[in-house]
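K.L.:
File my_file.txt below, compact mmCIF, C-alpha atoms and all ligand atoms:
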# COMPACT_ATOMS: atom_id res chain seq x y z
CA MET A 22 33.31 10.93 -3.44
CA THR A 23 34.86 12.43 -6.56
CA PRO A 24 34.47 16.23 -6.97
CA PHE A 25 31.62 17.50 -9.17
CA ALA A 26 30.39 20.85 -10.51
CA PHE A 27 27.00 21.98 -9.16
CA HIS A 28 24.55 24.07 -11.19
CA ILE A 29 21.18 25.40 -10.08
CA ALA A 30 18.66 25.40 -12.93
CA ASN A 31 16.21 28.30 -12.95
CA ASP A 32 13.97 26.86 -15.65
CA ARG A 33 13.38 23.71 -17.66
CA ALA A 34 15.31 24.89 -20.75
CA GLU A 35 18.40 25.57 -18.66
CA ALA A 36 18.15 22.14 -16.95
CA LEU A 37 17.81 20.34 -20.28
CA ALA A 38 20.71 22.27 -21.82
CA LEU A 39 22.96 21.35 -18.89
CA ALA A 40 21.86 17.71 -19.12
CA ALA A 41 22.75 17.70 -22.81
CA ASP A 42 26.29 18.55 -21.66
CA GLY A 43 26.34 15.44 -19.43
CA ALA A 44 25.10 16.88 -16.13
CA ARG A 45 22.91 14.65 -13.89
CA PHE A 46 19.66 15.93 -12.37
CA VAL A 47 19.38 16.16 -8.60
CA GLY A 48 16.16 16.84 -6.66
CA GLY A 49 16.50 16.62 -2.87
CA GLY A 50 19.75 14.65 -3.14
CA THR A 51 18.61 12.17 -0.47
CA ASN A 52 19.42 9.16 -2.66
CA LEU A 53 21.85 10.40 -5.30
CA VAL A 54 24.25 12.08 -2.87
CA ASP A 55 24.41 8.87 -0.77
CA LEU A 56 25.26 6.89 -3.90
CA LEU A 57 27.99 9.37 -4.86
CA ARG A 58 29.44 9.35 -1.35
CA GLN A 59 29.59 5.56 -1.32
CA ASN A 60 31.06 5.42 -4.84
CA VAL A 61 28.13 3.34 -6.09
CA ASP A 62 27.46 6.03 -8.68
CA SER A 63 29.51 8.87 -10.13
CA ALA A 64 28.88 12.28 -11.69
CA SER A 65 31.10 15.13 -12.80
CA GLN A 66 28.23 17.68 -12.93
CA LEU A 67 24.94 17.91 -11.07
CA VAL A 68 22.05 20.14 -12.08
CA ASP A 69 19.69 21.00 -9.23
CA VAL A 70 16.09 20.91 -10.50
CA SER A 71 14.45 21.50 -7.12
CA ARG A 72 13.50 25.08 -8.06
CA LEU A 73 11.42 23.96 -11.05
CA THR A 74 7.66 23.30 -11.02
CA SER A 75 6.60 22.30 -7.54
CA ASP A 76 2.88 23.12 -7.49
CA ILE A 77 -0.37 21.27 -8.26
CA GLN A 78 -2.59 22.35 -11.15
CA GLU A 79 -6.15 21.10 -11.58
CA ALA A 80 -7.53 20.61 -15.09
CA ASP A 81 -11.20 21.23 -15.98
CA GLY A 82 -12.21 17.55 -15.73
CA GLY A 83 -10.59 17.20 -12.31
CA ALA A 84 -7.22 15.64 -13.28
CA LEU A 85 -4.26 16.93 -11.23
CA LEU A 86 -0.80 17.79 -12.55
CA ILE A 87 1.84 17.57 -9.82
CA GLY A 88 5.16 19.34 -10.50
CA ALA A 89 8.16 16.98 -10.34
CA SER A 90 9.96 19.17 -7.82
CA MET A 91 7.18 19.14 -5.26
CA LYS A 92 8.47 17.81 -1.93
CA ASN A 93 7.08 14.49 -0.67
CA SER A 94 5.90 16.03 2.63
CA ALA A 95 4.10 18.89 0.84
CA LEU A 96 2.33 16.47 -1.50
CA ALA A 97 1.21 14.23 1.38
CA ALA A 98 -0.28 17.25 3.18
CA GLN A 99 -2.22 18.65 0.20
CA PRO A 100 -5.98 18.65 1.02
CA LEU A 101 -6.81 17.65 -2.59
CA ILE A 102 -4.59 14.57 -2.25
CA ARG A 103 -5.80 13.63 1.23
CA GLU A 104 -9.47 13.88 0.21
CA ARG A 105 -9.44 12.40 -3.29
CA TYR A 106 -6.44 10.03 -3.27
CA PRO A 107 -5.84 9.05 0.38
CA MET A 108 -3.75 6.02 -0.58
CA LEU A 109 -1.16 8.40 -2.08
CA SER A 110 -0.95 10.60 0.99
CA ARG A 111 -0.57 7.53 3.21
CA ALA A 112 2.05 5.95 0.96
CA LEU A 113 4.13 9.13 1.09
CA LEU A 114 3.87 9.29 4.88
CA ALA A 115 4.90 5.63 5.14
CA GLY A 116 8.20 6.42 3.37
CA ALA A 117 11.50 7.40 5.00
CA SER A 118 11.58 9.98 7.83
CA ALA A 119 10.03 13.43 8.17
CA GLN A 120 13.41 15.06 7.46
CA ILE A 121 13.92 13.04 4.28
CA ARG A 122 10.35 13.62 3.10
CA ASN A 123 10.95 17.37 3.53
CA MET A 124 13.84 17.16 1.05
CA ALA A 125 12.73 14.39 -1.32
CA THR A 126 11.01 15.40 -4.56
CA VAL A 127 8.41 13.59 -6.68
CA GLY A 128 10.87 13.14 -9.57
CA GLY A 129 13.65 11.88 -7.32
CA ASN A 130 11.32 9.47 -5.53
CA ILE A 131 10.31 7.90 -8.85
CA MET A 132 13.98 7.59 -9.89
CA GLN A 133 15.43 6.36 -6.57
CA ARG A 134 17.64 3.27 -6.85
CA THR A 135 17.12 -0.14 -5.24
CA ARG A 136 18.09 -0.72 -1.60
CA CYS A 137 19.66 -4.13 -2.33
CA ALA A 138 22.58 -4.26 0.14
CA TYR A 139 24.86 -5.95 -2.42
CA PHE A 140 24.30 -3.06 -4.83
CA TYR A 141 25.72 -0.70 -2.19
CA ASP A 142 28.65 -2.99 -1.29
CA VAL A 143 31.10 -1.73 -3.93
CA ASP A 144 34.16 -3.37 -2.32
CA GLY A 145 32.76 -6.80 -1.47
CA ALA A 146 29.81 -7.87 -3.63
CA ARG A 147 29.08 -8.83 -7.20
CA CYS A 148 26.18 -6.91 -8.72
CA ASN A 149 24.92 -6.97 -12.31
CA LYS A 150 23.17 -3.65 -11.83
CA ARG A 151 26.44 -1.89 -10.93
CA GLN A 152 28.62 -3.92 -13.26
CA PRO A 153 26.68 -5.66 -16.06
CA GLY A 154 27.81 -9.27 -16.41
CA GLY A 155 29.58 -9.24 -13.04
CA GLY A 156 27.17 -11.60 -11.24
CA CYS A 157 24.60 -11.23 -8.46
CA ASP A 158 25.42 -12.05 -4.85
CA ALA A 159 21.82 -11.59 -3.70
CA ILE A 160 20.81 -14.82 -5.47
CA GLY A 161 21.97 -17.42 -2.98
CA GLY A 162 22.75 -14.68 -0.45
CA PHE A 163 20.65 -12.80 2.10
CA ASN A 164 17.50 -12.18 0.08
CA ARG A 165 14.74 -11.57 2.62
CA TYR A 166 13.98 -8.19 1.01
CA HIS A 167 14.18 -9.26 -2.61
CA ALA A 168 11.70 -9.88 -5.42
CA ILE A 169 9.19 -12.70 -5.80
CA LEU A 170 7.60 -11.43 -9.03
CA GLY A 171 9.11 -10.41 -12.37
CA ALA A 172 12.74 -11.11 -11.39
CA SER A 173 15.38 -12.73 -13.61
CA ASN A 174 18.52 -14.83 -13.18
CA ASN A 175 20.47 -11.57 -13.42
CA CYS A 176 18.80 -9.48 -10.71
CA VAL A 177 16.23 -10.00 -7.95
CA ALA A 178 16.19 -6.46 -6.54
CA THR A 179 12.99 -4.64 -5.60
CA HIS A 180 11.97 -1.06 -6.26
CA PRO A 181 11.94 0.75 -2.91
CA SER A 182 9.41 3.56 -3.44
CA ASP A 183 6.17 3.63 -1.46
CA MET A 184 4.82 6.61 -3.42
CA CYS A 185 5.15 4.77 -6.74
CA VAL A 186 2.98 1.87 -5.53
CA ALA A 187 0.09 4.26 -4.94
CA LEU A 188 0.78 6.04 -8.25
CA ALA A 189 0.58 2.67 -10.06
CA ALA A 190 -2.75 1.81 -8.41
CA LEU A 191 -4.09 5.27 -9.35
CA SER A 192 -3.11 4.88 -13.04
CA ALA A 193 -0.87 7.95 -12.80
CA VAL A 194 0.96 9.19 -15.89
CA VAL A 195 4.56 10.51 -15.90
CA HIS A 196 5.30 13.63 -17.99
CA LEU A 197 8.78 13.79 -19.51
CA ALA A 198 10.82 16.39 -21.42
CA GLY A 199 14.09 15.78 -23.22
CA PRO A 200 16.18 16.36 -26.33
CA ALA A 201 13.47 14.72 -28.49
CA GLY A 202 10.63 16.83 -27.00
CA GLU A 203 7.87 16.01 -24.54
CA ARG A 204 6.07 12.71 -23.98
CA THR A 205 3.98 10.86 -21.38
CA VAL A 206 4.33 7.33 -19.99
CA PRO A 207 1.94 5.50 -17.63
CA LEU A 208 3.67 5.05 -14.26
CA ALA A 209 2.94 1.31 -14.44
CA GLU A 210 5.09 1.16 -17.60
CA PHE A 211 7.80 3.56 -16.47
CA HIS A 212 10.04 1.17 -14.47
CA ALA A 213 11.67 -1.84 -16.15
CA LEU A 214 11.84 -5.46 -15.02
CA PRO A 215 15.47 -6.68 -14.91
CA GLY A 216 15.51 -9.32 -17.68
CA ALA A 217 19.01 -9.55 -19.15
CA SER A 218 19.76 -5.85 -18.50
CA PRO A 219 19.18 -4.99 -14.83
CA GLN A 220 21.19 -1.80 -15.23
CA ILE A 221 18.30 -0.37 -17.30
CA GLU A 222 15.77 0.59 -14.66
CA SER A 223 13.27 2.78 -16.51
CA VAL A 224 12.23 4.10 -19.90
CA LEU A 225 13.88 7.48 -19.17
CA GLN A 226 16.34 8.34 -21.94
CA PRO A 227 19.70 10.15 -21.49
CA GLY A 228 19.13 13.87 -20.92
CA GLU A 229 15.41 13.37 -20.33
CA MET A 230 13.76 14.67 -17.16
CA ILE A 231 10.52 14.07 -15.29
CA THR A 232 8.52 17.30 -15.32
CA ALA A 233 5.24 16.25 -13.69
CA VAL A 234 2.97 13.42 -12.62
CA GLU A 235 -0.67 13.42 -13.69
CA LEU A 236 -3.43 11.87 -11.59
CA PRO A 237 -6.69 11.06 -13.42
CA PRO A 238 -9.93 12.53 -12.06
CA ALA A 239 -10.80 10.81 -8.80
CA THR A 240 -13.18 7.84 -9.01
CA PRO A 241 -15.03 6.26 -6.05
CA ALA A 242 -12.31 3.57 -5.67
CA MET A 243 -9.61 6.24 -5.56
CA VAL A 244 -11.44 8.10 -2.81
CA ASN A 245 -12.15 4.90 -0.81
CA SER A 246 -8.53 3.82 -0.72
CA GLU A 247 -5.71 2.80 1.60
CA TYR A 248 -1.97 2.11 1.70
CA ARG A 249 -0.70 -0.58 4.07
CA LYS A 250 3.03 -1.25 4.52
CA LEU A 251 4.49 -4.31 6.28
CA ARG A 252 8.08 -3.89 7.46
CA ASP A 253 10.52 -5.26 9.99
CA ARG A 254 10.09 -2.30 12.35
CA SER A 255 7.39 0.29 12.62
CA SER A 256 9.31 3.27 11.23
CA TYR A 257 12.17 4.09 8.97
CA ALA A 258 12.29 0.81 7.06
CA PHE A 259 11.57 -0.27 3.52
CA ALA A 260 8.58 -2.49 2.77
CA LEU A 261 8.70 -6.26 2.95
CA VAL A 262 5.32 -6.09 1.24
CA SER A 263 3.00 -3.13 0.74
CA VAL A 264 -0.48 -2.83 -0.72
CA ALA A 265 -2.12 0.23 -2.28
CA ALA A 266 -5.78 -0.52 -2.90
CA GLY A 267 -9.06 1.18 -3.69
CA LEU A 268 -12.55 -0.33 -3.77
CA ASP A 269 -16.06 0.67 -4.80
CA VAL A 270 -18.84 -1.75 -3.83
CA VAL A 271 -22.32 -1.30 -5.35
CA GLU A 272 -25.17 -3.50 -4.10
CA GLY A 273 -22.70 -5.88 -2.48
CA LYS A 274 -20.63 -6.40 -5.65
CA VAL A 275 -17.23 -5.06 -6.68
CA ALA A 276 -17.86 -2.21 -9.14
CA GLU A 277 -14.30 -0.85 -9.25
CA VAL A 278 -11.10 -2.19 -7.68
CA ARG A 279 -7.49 -1.01 -7.85
CA ILE A 280 -4.56 -2.92 -6.35
CA ALA A 281 -0.79 -2.45 -6.56
CA LEU A 282 1.97 -4.15 -4.58
CA GLY A 283 5.32 -2.87 -3.32
CA GLY A 284 8.35 -4.79 -2.05
CA VAL A 285 7.76 -7.69 -4.43
CA ALA A 286 9.29 -6.69 -7.79
CA ALA A 287 11.70 -4.31 -9.54
CA LYS A 288 8.71 -2.08 -10.24
CA PRO A 289 5.46 -1.23 -8.49
CA TRP A 290 3.34 -4.29 -9.28
CA ARG A 291 -0.17 -3.54 -10.56
CA ALA A 292 -2.23 -6.57 -9.55
CA THR A 293 -4.16 -6.86 -12.82
CA HIS A 294 -5.04 -10.55 -12.35
CA ALA A 295 -6.61 -9.94 -8.95
CA GLU A 296 -8.46 -6.85 -10.23
CA ALA A 297 -9.90 -8.73 -13.21
CA ALA A 298 -10.90 -11.69 -11.02
CA LEU A 299 -12.81 -9.48 -8.60
CA ARG A 300 -14.82 -7.21 -10.92
CA GLY A 301 -18.53 -7.97 -10.55
CA LEU A 302 -18.07 -10.52 -7.76
CA PRO A 303 -19.64 -10.25 -4.30
CA ALA A 304 -17.34 -8.26 -1.99
CA THR A 305 -16.52 -11.12 0.38
CA ARG A 306 -13.31 -11.97 2.21
CA ALA A 307 -13.25 -15.36 0.47
CA ASN A 308 -13.33 -13.68 -2.95
CA PHE A 309 -10.67 -11.14 -1.93
CA LEU A 310 -8.37 -13.95 -0.78
CA SER A 311 -8.83 -16.13 -3.84
CA ALA A 312 -8.17 -13.15 -6.14
CA ALA A 313 -4.98 -12.43 -4.17
CA GLU A 314 -3.94 -16.08 -4.53
CA GLU A 315 -4.49 -15.81 -8.28
CA GLU A 316 -2.23 -12.74 -8.43
CA LEU A 317 0.57 -14.47 -6.53
CA ALA A 318 0.29 -17.75 -8.47
CA GLU A 319 3.25 -16.74 -10.66
CA ALA A 320 5.48 -15.80 -7.70
CA ARG A 321 8.96 -17.37 -7.71
CA PRO A 322 10.40 -17.00 -4.20
CA LEU A 323 14.06 -17.17 -3.21
CA GLU A 324 15.42 -19.11 -0.25
CA GLY A 325 14.87 -16.23 2.17
CA ASN A 326 11.61 -14.65 1.09
CA ALA A 327 8.92 -17.30 0.47
CA PHE A 328 7.02 -15.76 3.40
CA LYS A 329 6.23 -12.76 1.16
CA ILE A 330 3.72 -14.80 -0.86
CA GLY A 331 1.35 -15.46 2.04
CA LEU A 332 2.03 -12.01 3.48
CA ALA A 333 1.02 -10.34 0.21
CA GLN A 334 -2.10 -12.51 -0.17
CA ARG A 335 -3.31 -11.87 3.37
CA THR A 336 -2.55 -8.15 3.19
CA ILE A 337 -4.46 -7.70 -0.07
CA ALA A 338 -7.48 -9.50 1.44
CA ALA A 339 -7.28 -7.56 4.71
CA VAL A 340 -7.02 -4.15 3.00
CA LEU A 341 -9.94 -4.88 0.65
CA GLU A 342 -11.99 -6.17 3.57
CA SER A 343 -11.43 -2.95 5.50
CA LEU A 344 -12.33 -0.87 2.42
CA ALA A 345 -15.51 -2.92 1.88
CA GLY A 346 -16.68 -1.96 5.35
CA ASP A 347 -18.61 -5.03 6.37
CA PRO A 348 -18.31 -7.77 3.74
CA ALA A 349 -20.13 -11.08 4.14
C1 LIG B 401 17.34 6.45 5.51
C2 LIG B 401 16.40 6.46 4.34
C3 LIG B 401 15.20 5.78 4.45
C4 LIG B 401 14.30 5.80 3.37
N1 LIG B 401 13.11 5.11 3.48
C5 LIG B 401 12.25 5.12 2.42
C6 LIG B 401 11.02 4.41 2.45
O1 LIG B 401 10.68 3.77 3.45
N2 LIG B 401 10.20 4.48 1.37
C7 LIG B 401 10.54 5.18 0.27
O2 LIG B 401 9.75 5.22 -0.69
N3 LIG B 401 11.70 5.84 0.18
C8 LIG B 401 12.55 5.82 1.22
N4 LIG B 401 13.75 6.47 1.13
C9 LIG B 401 14.15 7.01 -0.16
C10 LIG B 401 13.70 8.41 -0.38
O3 LIG B 401 12.30 8.40 -0.56
C11 LIG B 401 14.41 8.86 -1.65
O4 LIG B 401 15.76 9.06 -1.30
C12 LIG B 401 13.82 10.13 -2.20
O5 LIG B 401 12.47 9.96 -2.56
C13 LIG B 401 14.59 10.57 -3.43
O6 LIG B 401 14.15 11.87 -3.79
P1 LIG B 401 15.21 13.02 -4.05
O7 LIG B 401 14.47 14.17 -4.59
O8 LIG B 401 16.04 13.27 -2.83
O9 LIG B 401 16.09 12.32 -5.16
P2 LIG B 401 17.60 12.58 -5.56
O10 LIG B 401 18.49 11.86 -4.59
O11 LIG B 401 17.85 14.02 -5.79
O12 LIG B 401 17.64 11.85 -6.96
C14 LIG B 401 17.38 10.47 -7.09
C15 LIG B 401 17.49 10.09 -8.57
O13 LIG B 401 16.47 10.76 -9.29
C16 LIG B 401 17.03 11.51 -10.37
N5 LIG B 401 16.16 12.67 -10.53
C17 LIG B 401 15.81 13.59 -9.59
N6 LIG B 401 14.91 14.45 -10.08
C18 LIG B 401 14.68 14.08 -11.36
C19 LIG B 401 13.84 14.57 -12.41
N7 LIG B 401 13.04 15.62 -12.24
N8 LIG B 401 13.87 13.93 -13.60
C20 LIG B 401 14.66 12.85 -13.79
N9 LIG B 401 15.48 12.34 -12.85
C21 LIG B 401 15.48 12.95 -11.66
C22 LIG B 401 18.45 11.80 -9.93
O14 LIG B 401 19.32 12.03 -11.04
C23 LIG B 401 18.81 10.52 -9.20
O15 LIG B 401 19.20 9.53 -10.13
C24 LIG B 401 14.65 6.50 2.19
C25 LIG B 401 15.85 7.20 2.10
C26 LIG B 401 16.73 7.17 3.17
C27 LIG B 401 18.03 7.91 3.03
S1 LIG B 402 19.75 -8.30 -6.82
FE1 LIG B 402 20.24 -6.85 -8.47
S2 LIG B 402 20.94 -5.05 -7.34
FE2 LIG B 402 21.10 -6.79 -5.91
S3 LIG B 402 23.16 -7.68 -6.19
FE3 LIG B 402 21.82 -8.76 -7.58
S4 LIG B 402 22.07 -7.62 -9.49
FE4 LIG B 402 22.76 -6.27 -7.88
As C-alpha cells - that is how I would like this structure written.
P.N.:
Amino acid sequence: MTPFAFHIANDRAEALALAADGARFVGGGTNLVDLLRQNVDSASQLVDVSRLTSDIQEADGGALLIGASMKNSALAAQPLIRERYPMLSRALLAGASAQIRNMATVGGNIMQRTRCAYFYDVDGARCNKRQPGGGCDAIGGFNRYHAILGASNNCVATHPSDMCVALAALSAVVHLAGPAGERTVPLAEFHALPGASPQIESVLQPGEMITAVELPPATPAMVNSEYRKLRDRSSYAFALVSVAAGLDVVEGKVAEVRIALGGVAAKPWRATHAEAALRGLPATRANFLSAAEEELAEARPLEGNAFKIGLAQRTIAAVLESLAGDPA
C-alpha cells in the first residue's frame, strides 16, 4: 500500500473542498482500504466522511431521508425501517458480518466495488475495469458468480451490494453534492452497466459525494416485503442470486408489486418486465413463475452460471408466493 494523507471532515463543505484537491472519500473503509492494501486502487489523500450526517429524518408525507454516513447495522435496527421497509432491514442483515456492518456506511455500501476475483488479482489477471482495454479473464474463466443480465463483451462482473437491491425495489433516490451543486438520482439509475467502459461504474462525478438516501412514503407492498439471498454458504458470502420483493394483493389480484434482483448484473436489477406482467393478475404461483420467466428471457449466461436463470425464476416465484400468503 502506498502512503496517503488522512483528513477527517467535520462538515460537508470541508469534505467537498478536500475532494476538490483530489482527496478520495472514505466511510467505514471496509472496501476501500482492502483495495488500497492489495494495490487494486490507489489514493494519495483520503477524507473521512463518517462523521457527517448519520441520522434519519422523516418528512411530513412520510418519506425518510437517511444520512449517507449512517452505519449499516444501525440502519437495519431502526424501528421505522423494520416496520415500514422490512426488505431493507433484511437485505442489510444478509450482507457481510456483524463487525463489517458496524463499520460500513450507507454511502460506502452504494459505492463498493465488484467482488470479481480477477479484478482483485493485480499480478495475474487481465481486467478491463482495472485497466481499460486490457481484456477480461472472467469471460472464459471461472464465472460462477458473474452476470447473466446487462453484461457486455468487456465485463461480466456483478454489483455485490445486498442493500442496493432493496433500495432499487423501494424506488429509493440518492442525494448528491459536488462542485456543480446538489442533485438527486434514482438508485435504479445510479449504477452503470459495463458497455464499452466497465471502469465507469456509476453516475457519480469527480469530487461529488453521496449525502443521503431518500425512501418514498411506505406503501402496502413496501410493508409486506422480503429479501431472500441464495449463496454458497449460509453466512459471510456474496449472493449467487438475491430477490427483494414486495406485494399487495387486493381481492385475489396483484394491486402493487416490486421486485429487484441481486447477483445477476453490474447493478441492482429492477425486474420491470415481471412487475408489469403481474399487475392486475390473480396472485397465483403459476402467474408469479411465468412473470419471472419473462424477466429472465433476456438472460445471457456464461459457461459457469446458467444455473442462475432457473434459480432467479424460482426464487422470485417463491418469495412472491410467501408474500401472497395463500395463493391459489
Ligand atoms: C469479508 C467481507 C464480506 C462482505 N460481504 C458482503 C455481502 O455479503 N453483501 C454486501 O452487500 N456487502 C458485503 N461486503 C461489503 C461491505 O458491505 C462493504 O465493504 C461496505 O458496505 C462498504 O462501506 P464502507 O463505508 O466501509 O465503504 P468504504 O470502504 O469506506 O468506501 C467504499 C467506496 O465508497 C466511496 N464512498 C464512501 N462514502 C462515500 C460517500 N459518502 N460519497 C461518495 N463515495 C463514498 C469510497 O471512496 C470508496 O470508493 C463485504 C465486505 C467484506 C470485507
Ligand atoms: S468481469 Fe469485469 S471486473 Fe471481472 S475481470 Fe472481467 S472486466 Fe474485470
K.L.:
Select the residues contacting ligand LIG 402 (chain B) at a distance of at most 6 Å, based on all atoms listed in the file, then format the selection as a PDB file with C-alpha atoms, in the coordinates of the input.
P.N.:
ATOM      1  CA  CYS A 137      19.660  -4.130  -2.330  1.00  0.00           C
ATOM      2  CA  TYR A 139      24.860  -5.950  -2.420  1.00  0.00           C
ATOM      3  CA  PHE A 140      24.300  -3.060  -4.830  1.00  0.00           C
ATOM      4  CA  CYS A 148      26.180  -6.910  -8.720  1.00  0.00           C
ATOM      5  CA  ASN A 149      24.920  -6.970 -12.310  1.00  0.00           C
ATOM      6  CA  LYS A 150      23.170  -3.650 -11.830  1.00  0.00           C
ATOM      7  CA  CYS A 157      24.600 -11.230  -8.460  1.00  0.00           C
ATOM      8  CA  ASP A 158      25.420 -12.050  -4.850  1.00  0.00           C
ATOM      9  CA  ALA A 159      21.820 -11.590  -3.700  1.00  0.00           C
ATOM     10  CA  ASN A 175      20.470 -11.570 -13.420  1.00  0.00           C
ATOM     11  CA  CYS A 176      18.800  -9.480 -10.710  1.00  0.00           C
ATOM     12  CA  VAL A 177      16.230 -10.000  -7.950  1.00  0.00           C
ATOM     13  CA  ALA A 178      16.190  -6.460  -6.540  1.00  0.00           C
TER      14      ALA A 178
END
K.L.:
Could you report the residues within 7 Å of ligand LIG 401 (chain B), using all atoms listed in the file, as a PyMOL selection string?
P.N.:
chain A and resi 45-54+70+89-90+115-118+121-122+124-133+181-184+229-232+257-260
K.L.:
Using C-alpha atoms, can you write the selected residues to a file as a short mmCIF file (atom, residue, chain, number, x, y, z; two decimals), in the coordinates of the input?
P.N.:
data_model
loop_
_atom_site.label_atom_id
_atom_site.label_comp_id
_atom_site.auth_asym_id
_atom_site.auth_seq_id
_atom_site.Cartn_x
_atom_site.Cartn_y
_atom_site.Cartn_z
CA ARG A 45 22.91 14.65 -13.89
CA PHE A 46 19.66 15.93 -12.37
CA VAL A 47 19.38 16.16 -8.60
CA GLY A 48 16.16 16.84 -6.66
CA GLY A 49 16.50 16.62 -2.87
CA GLY A 50 19.75 14.65 -3.14
CA THR A 51 18.61 12.17 -0.47
CA ASN A 52 19.42 9.16 -2.66
CA LEU A 53 21.85 10.40 -5.30
CA VAL A 54 24.25 12.08 -2.87
CA VAL A 70 16.09 20.91 -10.50
CA ALA A 89 8.16 16.98 -10.34
CA SER A 90 9.96 19.17 -7.82
CA ALA A 115 4.90 5.63 5.14
CA GLY A 116 8.20 6.42 3.37
CA ALA A 117 11.50 7.40 5.00
CA SER A 118 11.58 9.98 7.83
CA ILE A 121 13.92 13.04 4.28
CA ARG A 122 10.35 13.62 3.10
CA MET A 124 13.84 17.16 1.05
CA ALA A 125 12.73 14.39 -1.32
CA THR A 126 11.01 15.40 -4.56
CA VAL A 127 8.41 13.59 -6.68
CA GLY A 128 10.87 13.14 -9.57
CA GLY A 129 13.65 11.88 -7.32
CA ASN A 130 11.32 9.47 -5.53
CA ILE A 131 10.31 7.90 -8.85
CA MET A 132 13.98 7.59 -9.89
CA GLN A 133 15.43 6.36 -6.57
CA PRO A 181 11.94 0.75 -2.91
CA SER A 182 9.41 3.56 -3.44
CA ASP A 183 6.17 3.63 -1.46
CA MET A 184 4.82 6.61 -3.42
CA GLU A 229 15.41 13.37 -20.33
CA MET A 230 13.76 14.67 -17.16
CA ILE A 231 10.52 14.07 -15.29
CA THR A 232 8.52 17.30 -15.32
CA TYR A 257 12.17 4.09 8.97
CA ALA A 258 12.29 0.81 7.06
CA PHE A 259 11.57 -0.27 3.52
CA ALA A 260 8.58 -2.49 2.77
#
K.L.:
Please, which residues are within 9 Å of (25.9, -7.3, -17.4) by the file's coordinates, counting only C-alpha atoms, and could they come as an mmCIF file with C-alpha atoms, in the coordinates of the input?
P.N.:
data_model
loop_
_atom_site.group_PDB
_atom_site.id
_atom_site.type_symbol
_atom_site.label_atom_id
_atom_site.label_comp_id
_atom_site.auth_asym_id
_atom_site.auth_seq_id
_atom_site.Cartn_x
_atom_site.Cartn_y
_atom_site.Cartn_z
ATOM 1 C CA CYS A 148 26.180 -6.910 -8.720
ATOM 2 C CA ASN A 149 24.920 -6.970 -12.310
ATOM 3 C CA LYS A 150 23.170 -3.650 -11.830
ATOM 4 C CA ARG A 151 26.440 -1.890 -10.930
ATOM 5 C CA GLN A 152 28.620 -3.920 -13.260
ATOM 6 C CA PRO A 153 26.680 -5.660 -16.060
ATOM 7 C CA GLY A 154 27.810 -9.270 -16.410
ATOM 8 C CA GLY A 155 29.580 -9.240 -13.040
ATOM 9 C CA GLY A 156 27.170 -11.600 -11.240
ATOM 10 C CA ASN A 175 20.470 -11.570 -13.420
ATOM 11 C CA ALA A 217 19.010 -9.550 -19.150
ATOM 12 C CA SER A 218 19.760 -5.850 -18.500
ATOM 13 C CA PRO A 219 19.180 -4.990 -14.830
ATOM 14 C CA GLN A 220 21.190 -1.800 -15.230
#
K.L.:
Here is a test: counting all atoms listed in the file, which residue of A:Asn123, A:Thr240, A:Gln226, A:Thr293 is nearest to A:Ala98?
P.N.:
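So, comparing all the options, the nearest one is A:Asn123.
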K.L.:
How many Å lie between atom CA of A:Leu170 and atom CA of A:Gly325, rounded to one decimal?
P.N.:
14.2 Å
K.L.:
Here is a test: counting all atoms listed in the file, which residue of A:Arg147, A:Leu109, A:Asn245, A:Val264 is nearest to A:Glu277?
P.N.:
A:Asn245
K.L.:
Take atom CA of A:Leu317 and atom CA of A:Val186 and report the distance between them in Å, one decimal.
P.N.:
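For atom CA of A:Leu317 relative to atom CA of A:Val186, the distance reads 16.5 Å.
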K.L.:
What does the distance between atom CA of A:Asp32 and atom CA of A:Val68 come to in Å, to one decimal place?
P.N.:
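So the two atoms, atom CA of A:Asp32 and atom CA of A:Val68, lie 11.1 Å apart.
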K.L.:
Nearest to A:Leu57 among A:Leu96, A:Gln120, A:Ala327, A:Tyr141, with distances taken over all atoms listed in the file: which residue is it?
P.N.:
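That would be A:Tyr141, the residue with the smallest distance to A:Leu57.
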K.L.:
Given all atoms listed in the file as the basis, pick out the residue of A:Leu113, A:Val244, A:Leu332, A:Leu341 nearest to A:Ala307.
P.N.:
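Selected residue with least distance to A:Ala307: A:Leu341.
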K.L.:
Mind checking which residues fall within 12 Å of A:Val234, counting only C-alpha atoms, ignoring those fewer than 5 positions away in the same chain, and posting them as a ChimeraX atom specification?
P.N.:
/A:74-79,84-91,96,126-128,130-131,184-185,188-189,191-197,204-208,211
K.L.:
If you count only C-alpha atoms, which residues fall within 12 Å of A:His294, apart from same-chain ones fewer than 6 positions away, as a PyMOL selection string?
P.N.:
chain A and resi 278-281+300+309+311-319
